[in-house]
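Dumped work.txt below, it's compact mmCIF, C-alpha atoms and all ligand atoms:
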```txt
# COMPACT_ATOMS: atom_id res chain seq x y z
CA MET A 1 -58.50 -200.85 78.45
CA ASN A 2 -58.64 -200.76 82.23
CA ALA A 3 -56.80 -203.40 84.17
CA PRO A 4 -59.18 -205.91 85.77
CA ALA A 5 -59.97 -205.06 89.38
CA GLN A 6 -59.14 -208.62 90.42
CA PRO A 7 -56.81 -211.13 88.82
CA ALA A 8 -58.69 -213.53 86.56
CA PRO A 9 -59.61 -216.66 88.51
CA VAL A 10 -57.46 -219.63 87.63
CA PRO A 11 -59.14 -223.03 88.01
CA ARG A 12 -57.88 -224.90 91.03
CA HIS A 13 -58.68 -228.21 89.42
CA LEU A 14 -58.59 -228.87 85.70
CA ALA A 15 -59.92 -232.14 84.23
CA ILE A 16 -59.20 -233.09 80.62
CA ILE A 17 -60.42 -235.69 78.15
CA MET A 18 -57.39 -236.00 75.90
CA ASP A 19 -59.07 -237.04 72.67
CA GLY A 20 -58.00 -237.08 69.04
CA ASN A 21 -54.73 -239.04 69.03
CA GLY A 22 -55.97 -241.57 66.49
CA ARG A 23 -57.25 -238.94 64.08
CA TRP A 24 -54.02 -236.95 64.42
CA ALA A 25 -52.09 -240.02 63.26
CA GLN A 26 -54.59 -240.88 60.53
CA GLN A 27 -54.25 -237.37 59.08
CA ARG A 28 -50.55 -238.12 58.71
CA HIS A 29 -51.18 -241.62 57.29
CA ARG A 30 -49.45 -243.12 60.30
CA PRO A 31 -50.54 -245.89 62.71
CA ARG A 32 -52.77 -244.77 65.59
CA LEU A 33 -49.99 -245.53 68.04
CA VAL A 34 -47.91 -242.72 66.56
CA GLY A 35 -50.75 -240.43 67.64
CA HIS A 36 -50.70 -241.84 71.15
CA ARG A 37 -46.96 -241.18 71.35
CA ALA A 38 -47.51 -237.59 70.25
CA GLY A 39 -50.27 -237.44 72.85
CA ALA A 40 -47.79 -238.37 75.56
CA ARG A 41 -45.65 -235.39 74.57
CA ALA A 42 -48.71 -233.16 74.87
CA VAL A 43 -49.21 -234.46 78.42
CA ARG A 44 -45.73 -233.15 79.29
CA ARG A 45 -46.60 -229.74 77.86
CA CYS A 46 -49.87 -229.72 79.76
CA VAL A 47 -48.21 -230.52 83.10
CA ALA A 48 -45.65 -227.75 82.49
CA PHE A 49 -48.50 -225.38 81.70
CA CYS A 50 -50.35 -226.20 84.92
CA LEU A 51 -47.19 -225.72 86.98
CA GLN A 52 -46.59 -222.38 85.33
CA ARG A 53 -50.15 -221.13 85.80
CA GLY A 54 -50.42 -222.25 89.40
CA ILE A 55 -53.17 -224.82 88.81
CA GLN A 56 -53.23 -227.10 91.85
CA ALA A 57 -54.85 -230.24 90.47
CA LEU A 58 -54.88 -231.78 87.01
CA THR A 59 -56.89 -234.89 86.19
CA LEU A 60 -56.26 -236.52 82.82
CA PHE A 61 -58.42 -239.17 81.16
CA ALA A 62 -55.79 -241.48 79.69
CA PHE A 63 -57.70 -244.73 79.17
CA SER A 64 -61.36 -245.47 79.81
CA SER A 65 -62.97 -248.68 81.01
CA GLU A 66 -64.47 -248.89 77.50
CA ASN A 67 -61.09 -248.47 75.78
CA TRP A 68 -60.21 -252.08 76.75
CA ASN A 69 -62.53 -253.06 73.89
CA ARG A 70 -60.33 -251.46 71.23
CA PRO A 71 -58.37 -253.73 68.87
CA GLN A 72 -55.94 -255.84 70.83
CA GLU A 73 -52.96 -254.36 68.98
CA GLU A 74 -53.90 -250.83 69.99
CA VAL A 75 -54.52 -251.83 73.62
CA SER A 76 -51.18 -253.62 73.91
CA GLY A 77 -49.41 -250.69 72.23
CA LEU A 78 -51.02 -248.31 74.71
CA MET A 79 -49.94 -250.53 77.61
CA LYS A 80 -46.33 -250.49 76.40
CA LEU A 81 -46.49 -246.73 76.04
CA PHE A 82 -47.99 -246.40 79.51
CA LEU A 83 -45.26 -248.56 81.04
CA ARG A 84 -42.54 -246.61 79.23
CA ALA A 85 -44.03 -243.30 80.38
CA LEU A 86 -44.07 -244.57 83.96
CA GLU A 87 -40.42 -245.61 83.64
CA ARG A 88 -39.29 -242.36 82.07
CA GLU A 89 -41.42 -239.55 83.42
CA VAL A 90 -41.91 -240.18 87.11
CA ASP A 91 -38.52 -238.91 88.27
CA THR A 92 -39.02 -235.65 86.41
CA LEU A 93 -42.51 -235.28 87.85
CA HIS A 94 -41.08 -235.85 91.29
CA GLN A 95 -38.43 -233.18 90.72
CA GLN A 96 -41.23 -230.82 89.63
CA GLN A 97 -42.92 -231.54 92.99
CA VAL A 98 -45.87 -233.18 91.28
CA GLN A 99 -47.90 -235.72 93.25
CA VAL A 100 -48.92 -238.56 90.92
CA ARG A 101 -52.02 -240.67 91.49
CA PHE A 102 -54.03 -243.14 89.47
CA ILE A 103 -57.77 -243.60 89.52
CA GLY A 104 -59.65 -246.49 87.92
CA ALA A 105 -59.72 -250.28 87.98
CA ARG A 106 -56.02 -250.92 88.30
CA GLU A 107 -56.48 -254.66 88.84
CA ARG A 108 -57.01 -254.91 85.09
CA PHE A 109 -53.41 -253.85 84.40
CA ASP A 110 -50.40 -256.16 84.23
CA PRO A 111 -48.45 -256.60 87.48
CA ALA A 112 -45.47 -254.70 85.99
CA ILE A 113 -47.63 -251.65 85.32
CA ARG A 114 -49.36 -251.90 88.69
CA ALA A 115 -46.01 -252.03 90.46
CA ARG A 116 -44.84 -248.90 88.62
CA MET A 117 -48.09 -247.10 89.43
CA GLN A 118 -47.70 -247.88 93.09
CA ALA A 119 -44.04 -246.87 93.09
CA ALA A 120 -44.88 -243.56 91.41
CA GLU A 121 -47.58 -242.84 94.00
CA ALA A 122 -45.29 -243.74 96.88
CA LEU A 123 -42.37 -241.68 95.58
CA THR A 124 -44.44 -238.53 94.99
CA ALA A 125 -46.98 -238.84 97.83
CA SER A 126 -45.73 -235.86 99.80
CA ASN A 127 -45.43 -233.47 96.83
CA THR A 128 -47.84 -230.56 96.98
CA ARG A 129 -47.20 -228.29 94.00
CA LEU A 130 -49.59 -230.08 91.63
CA VAL A 131 -51.76 -233.16 92.15
CA LEU A 132 -51.75 -235.07 88.87
CA SER A 133 -54.43 -237.77 88.75
CA ILE A 134 -54.28 -240.13 85.81
CA ALA A 135 -57.60 -241.80 85.07
CA ALA A 136 -56.64 -245.17 83.61
CA SER A 137 -59.12 -248.00 83.19
CA TYR A 138 -61.51 -245.47 84.69
CA GLY A 139 -65.27 -245.22 84.27
CA GLY A 140 -67.52 -242.71 86.00
CA ARG A 141 -70.36 -245.20 86.38
CA GLN A 142 -68.00 -247.74 87.93
CA ASP A 143 -66.78 -245.04 90.31
CA ILE A 144 -70.34 -244.33 91.50
CA THR A 145 -71.18 -248.04 91.63
CA ALA A 146 -68.12 -248.82 93.76
CA ALA A 147 -69.03 -246.03 96.19
CA ALA A 148 -72.60 -247.35 96.47
CA ARG A 149 -71.26 -250.85 97.09
CA ALA A 150 -68.90 -249.60 99.80
CA LEU A 151 -71.82 -247.96 101.62
CA ALA A 152 -73.96 -251.09 101.19
CA VAL A 153 -71.22 -253.09 102.92
CA GLU A 154 -71.29 -250.62 105.82
CA VAL A 155 -75.08 -250.92 106.07
CA ALA A 156 -75.01 -254.72 105.89
CA ALA A 157 -72.43 -254.78 108.68
CA GLY A 158 -74.68 -252.60 110.83
CA ARG A 159 -72.19 -249.71 110.93
CA LEU A 160 -74.40 -247.35 108.93
CA ARG A 161 -78.13 -246.73 108.71
CA PRO A 162 -79.61 -246.15 105.21
CA GLU A 163 -80.96 -242.76 106.28
CA GLN A 164 -77.41 -241.67 107.08
CA ILE A 165 -76.50 -241.94 103.41
CA ASP A 166 -76.19 -238.48 101.90
CA GLU A 167 -74.23 -236.84 99.08
CA GLU A 168 -71.27 -236.19 101.30
CA ARG A 169 -70.97 -239.80 102.42
CA LEU A 170 -71.38 -241.20 98.93
CA GLY A 171 -68.98 -238.65 97.45
CA ALA A 172 -66.39 -239.48 100.10
CA HIS A 173 -66.09 -242.97 98.61
CA MET A 174 -65.49 -241.73 95.10
CA ALA A 175 -62.27 -240.96 93.27
CA LEU A 176 -60.69 -237.55 93.97
CA ALA A 177 -62.83 -237.12 97.10
CA ASP A 178 -60.06 -235.18 98.83
CA LEU A 179 -59.74 -232.61 96.02
CA PRO A 180 -62.03 -229.72 95.16
CA ALA A 181 -64.36 -230.74 92.31
CA PRO A 182 -62.97 -229.85 88.88
CA ASP A 183 -63.56 -226.16 88.12
CA LEU A 184 -62.90 -226.57 84.43
CA PHE A 185 -63.33 -229.54 82.09
CA ILE A 186 -61.67 -229.57 78.69
CA ARG A 187 -62.32 -232.06 75.92
CA THR A 188 -60.13 -231.89 72.85
CA GLY A 189 -60.80 -233.61 69.52
CA GLY A 190 -64.18 -232.06 68.76
CA GLU A 191 -66.57 -234.58 70.33
CA LEU A 192 -69.23 -233.06 72.58
CA ARG A 193 -69.65 -235.74 75.20
CA ILE A 194 -68.42 -236.87 78.61
CA SER A 195 -67.71 -240.51 77.62
CA ASN A 196 -68.11 -241.87 81.16
CA PHE A 197 -65.46 -239.57 82.66
CA LEU A 198 -66.02 -238.06 86.13
CA LEU A 199 -69.83 -238.17 86.15
CA TRP A 200 -70.33 -237.35 89.80
CA GLN A 201 -67.45 -234.91 90.17
CA LEU A 202 -68.37 -232.81 87.09
CA ALA A 203 -71.83 -231.88 88.39
CA TYR A 204 -71.02 -228.13 88.49
CA THR A 205 -67.85 -227.98 86.42
CA GLU A 206 -67.52 -225.47 83.60
CA LEU A 207 -67.29 -227.36 80.29
CA TRP A 208 -65.02 -226.32 77.40
CA PHE A 209 -64.65 -228.10 74.09
CA THR A 210 -62.17 -227.59 71.28
CA PRO A 211 -61.75 -229.23 67.87
CA THR A 212 -57.97 -229.20 68.40
CA LEU A 213 -56.66 -232.76 68.49
CA TRP A 214 -54.88 -233.65 71.73
CA PRO A 215 -51.36 -234.01 70.22
CA ASP A 216 -51.66 -230.43 68.89
CA VAL A 217 -52.56 -228.95 72.27
CA ASP A 218 -50.14 -226.32 73.53
CA ALA A 219 -50.11 -223.42 75.97
CA ALA A 220 -52.01 -221.19 73.53
CA VAL A 221 -54.99 -223.59 73.41
CA LEU A 222 -54.97 -224.08 77.17
CA ASP A 223 -54.73 -220.32 77.74
CA GLN A 224 -57.79 -219.87 75.56
CA ALA A 225 -59.69 -222.29 77.79
CA LEU A 226 -58.52 -220.45 80.90
CA ALA A 227 -59.50 -217.09 79.41
CA ASP A 228 -63.00 -218.37 78.60
CA TYR A 229 -63.26 -219.86 82.08
CA ALA A 230 -62.31 -216.52 83.67
CA ARG A 231 -65.24 -214.87 81.87
CA ARG A 232 -67.82 -217.39 83.05
CA GLU A 233 -70.17 -216.67 85.92
CA ARG A 234 -70.50 -219.73 88.12
CA ARG A 235 -73.88 -219.46 89.74
CA PHE A 236 -74.35 -222.83 91.47
CA GLY A 237 -78.10 -222.43 91.23
CA LEU A 238 -78.16 -218.88 92.58
CA THR A 239 -79.02 -215.66 90.75
CA THR A 240 -76.51 -213.21 89.31
CA ASP A 241 -77.44 -210.65 91.99
CA GLN A 242 -76.84 -213.17 94.73
CA ILE A 243 -73.49 -214.11 93.22
CA ARG A 244 -72.37 -210.46 92.99
CA SER A 245 -73.26 -209.81 96.61
CA LEU A 246 -71.29 -212.84 97.67
CA ALA A 247 -67.54 -212.62 97.79
CA PRO A 248 -65.53 -214.68 97.27
CA GLU A 249 -67.09 -217.06 94.77
CA PRO A 250 -68.95 -219.96 96.42
CA HIS A 251 -67.99 -223.52 95.70
CA PRO A 252 -70.31 -226.46 96.24
C1 LIG A 301 -57.65 -240.56 72.91
O1 LIG A 301 -57.47 -240.53 71.55
C2 LIG A 301 -56.72 -241.53 73.59
C3 LIG A 301 -57.36 -242.74 74.10
C4 LIG A 301 -58.63 -242.96 74.10
C5 LIG A 301 -56.50 -243.77 74.65
P1 LIG A 301 -58.26 -241.52 70.58
O2 LIG A 301 -57.44 -242.74 70.39
O3 LIG A 301 -59.64 -241.74 71.05
O4 LIG A 301 -58.26 -240.68 69.24
P2 LIG A 301 -59.44 -240.58 68.17
O5 LIG A 301 -60.66 -240.12 68.91
O6 LIG A 301 -59.61 -241.94 67.61
O7 LIG A 301 -58.95 -239.58 67.18
C1 LIG A 302 -62.47 -240.94 75.91
O1 LIG A 302 -62.12 -240.97 74.56
C2 LIG A 302 -61.44 -241.64 76.72
C3 LIG A 302 -60.11 -241.05 76.72
C4 LIG A 302 -59.72 -239.94 76.15
C5 LIG A 302 -59.14 -241.78 77.45
P1 LIG A 302 -62.78 -242.00 73.54
O2 LIG A 302 -62.20 -241.66 72.21
O3 LIG A 302 -62.61 -243.38 74.00
O4 LIG A 302 -64.31 -241.59 73.62
P2 LIG A 302 -65.54 -241.96 72.66
O5 LIG A 302 -65.57 -243.44 72.56
O6 LIG A 302 -65.27 -241.32 71.34
O7 LIG A 302 -66.73 -241.38 73.32
MG MG A 303 -61.39 -240.77 70.69
```

As structure tokens - that is how I would like this structure written.
Ligand code: IPE
Ligand code: IPE
Ligand code: MG
Amino acid sequence: MNAPAQPAPVPRHLAIIMDGNGRWAQQRHRPRLVGHRAGARAVRRCVAFCLQRGIQALTLFAFSSENWNRPQEEVSGLMKLFLRALEREVDTLHQQQVQVRFIGARERFDPAIRARMQAAEALTASNTRLVLSIAASYGGRQDITAAARALAVEVAAGRLRPEQIDEERLGAHMALADLPAPDLFIRTGGELRISNFLLWQLAYTELWFTPTLWPDVDAAVLDQALADYARRERRFGLTTDQIRSLAPEPHP
């Protein structure tokens, strides 16, 4: 087989719904929390993978705004796990030159967790090798709603006219506004839905689903997603002929 003329494109920004922890534990007749712990180990593998493949931004859905409605025992177990991960992992991430950020309604977390989140962001703020955004207490609809509210405040204060509101201005108030939109979205665990993840930001993202449960995810699974992504033609509304005559690939 001939070598490809160009190296396969690697996504700049990868966004993942890490689903299937509970089922992974249930298959082993263990409490769901055991699955969440195994899921945390998969996060480490995933970060290492992104560093190795030169992916610049990784956004992980860790806890949705809807997940607060899970049984209280599971929520408090997840909070403990989250706090422990913040205590244990941030130094390593910093050494790996990873910039850590959190998106979502952080006021809903305990002060101890909020303080750790802020400390992690402050410590790693100038790292540039990989931007790791953790979506925690995040909801895509809330993200859009908050952006709309921010613009409404500007209008009410007379600093903005309604006709000045466009996609760019609205998008600028949303999470991850300073990053390129996700190129590739992965959902593990077999469900074929977005579950209120990055609704605005995923408008032209390539979607990839796998039945593999999140705790079982390794480099082989992620490489499969990247290989499929490299074969996709991203048209952004144009025709194939237009895309081929354009180089390099356009991004919205
Ligand atoms: C994803 O795994 C992790 C969180 C939502 C916190 P789940 O806990 O949803 O696992 P399943 O879908 O029940 O298997
Ligand atoms: C989505 O998973 C949220 C996270 C992975 C954090 P869920 O397991 O909560 O999604 P649904 O409820 O099955 O759609
Ligand atoms: Mg789930």

Surrounding residues as a count of residues only, ligand LIG 301 (chain A), max 6 Å, all atoms listed in the file: 8

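A straight line drawn from atom CA of Ala105 of chain A to atom CA of Gly189 of chain A is 24.9 Å long.
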
Pick from A:His13, A:Arg32, A:Lys80, A:Arg159, whichever lies nearest to Leu58 of chain A using all atoms listed in the file: A:His13

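Across A:Glu154, A:Asp183, A:Glu191, A:Glu121, the tightest approach to ligand LIG 302 (chain A) is made by A:Glu191 when counting only C-alpha atoms and all ligand atoms.
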
Near-ligand residues for ligand LIG 302 (chain A), threshold 10 Å, all atoms listed in the file, as a ChimeraX atom specification: /A:16-23,60-70,134-139,187-197,214

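Around the point (-44.0, -229.8, 91.0), within 6 Å and counting all atoms listed in the file, we find these residues: A:Gln96, A:Gln97, A:Val98, A:Arg129, A:Leu130.
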
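Shortest separation to Gln27 of chain A among A:Gly237, A:Gln242, A:Ala152, A:Leu213 occurs at residue A:Leu213, atoms counted being all atoms listed in the file.
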
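Closest to Glu206 of chain A among A:Val221, A:Ala247, A:Leu184, A:Ala227 is A:Leu184, based on only C-alpha atoms.
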
Contact residues around Gly171 of chain A with all atoms listed in the file at 10 Å, ignoring same-chain residues under 4 positions, as a PyMOL selection string: chain A and resi 143-144+147-148+166-167+175-178+200-201

Residues from last step as file, C-alpha atoms, as a CSV table (one decimal), keeping the file's coordinate frame:
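Below is the file part-v4.csv, written as the result:
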```
chain,number,residue,atom,x,y,z
A,143,ASP,CA,-66.8,-245.0,90.3
A,144,ILE,CA,-70.3,-244.3,91.5
A,147,ALA,CA,-69.0,-246.0,96.2
A,148,ALA,CA,-72.6,-247.4,96.5
A,166,ASP,CA,-76.2,-238.5,101.9
A,167,GLU,CA,-74.2,-236.8,99.1
A,175,ALA,CA,-62.3,-241.0,93.3
A,176,LEU,CA,-60.7,-237.6,94.0
A,177,ALA,CA,-62.8,-237.1,97.1
A,178,ASP,CA,-60.1,-235.2,98.8
A,200,TRP,CA,-70.3,-237.4,89.8
A,201,GLN,CA,-67.4,-234.9,90.2
```

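Minimum distance to Gly39 of chain A across A:Pro71, A:Ala230, A:Leu202, A:Leu81 (counting only C-alpha atoms) occurs at A:Leu81.
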
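Closest approach to ligand MG 303 (chain A) among A:Arg88, A:Leu51, A:Pro211, A:Arg41 is made by A:Pro211 (distances from all atoms listed in the file).
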
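Interatomic distance, atom CA of Ala225 of chain A to atom CA of Ser133 of chain A: 19.7 Å.
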
For atom CA of Leu33 of chain A and atom CA of Asp218 of chain A, the interatomic separation in Å (one decimal): 20.0 Å

Residue neighbourhood Ala119 of chain A, 12 Å, only C-alpha atoms, exclusion window fewer than 3 positions, as a count of residues only: 18

Contact residues around Ala220 of chain A with only C-alpha atoms at 12 Å, ignoring same-chain residues under 5 positions, as a compact mmCIF listing (two decimals) with C-alpha atoms, keeping the file's coordinate frame:
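Written out: around-v3.txt:
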```
# COMPACT_ATOMS: atom_id res chain seq x y z
CA ARG A 45 -46.60 -229.74 77.86
CA CYS A 46 -49.87 -229.72 79.76
CA PHE A 49 -48.50 -225.38 81.70
CA THR A 212 -57.97 -229.20 68.40
CA ALA A 225 -59.69 -222.29 77.79
CA LEU A 226 -58.52 -220.45 80.90
CA ALA A 227 -59.50 -217.09 79.41
```

Residues near Val10 of chain A, cut-off 12 Å, all atoms listed in the file, skip fewer than 2 positions along chain, as number ranges by chain: A: 6-8, 12-14, 50-57, 182-184, 222-223, 225-232

Residues near Trp24 of chain A, cut-off 9 Å, all atoms listed in the file, skip fewer than 6 positions along chain, as an mmCIF file with C-alpha atoms, in the frame of the given file:
```cif
data_model
loop_
_atom_site.group_PDB
_atom_site.id
_atom_site.type_symbol
_atom_site.label_atom_id
_atom_site.label_comp_id
_atom_site.auth_asym_id
_atom_site.auth_seq_id
_atom_site.Cartn_x
_atom_site.Cartn_y
_atom_site.Cartn_z
ATOM 1 C CA ARG A 30 -49.450 -243.120 60.300
ATOM 2 C CA ARG A 32 -52.770 -244.770 65.590
ATOM 3 C CA VAL A 34 -47.910 -242.720 66.560
ATOM 4 C CA GLY A 35 -50.750 -240.430 67.640
ATOM 5 C CA HIS A 36 -50.700 -241.840 71.150
ATOM 6 C CA ALA A 38 -47.510 -237.590 70.250
ATOM 7 C CA LEU A 213 -56.660 -232.760 68.490
ATOM 8 C CA TRP A 214 -54.880 -233.650 71.730
ATOM 9 C CA PRO A 215 -51.360 -234.010 70.220
ATOM 10 C CA ASP A 216 -51.660 -230.430 68.890
#
```
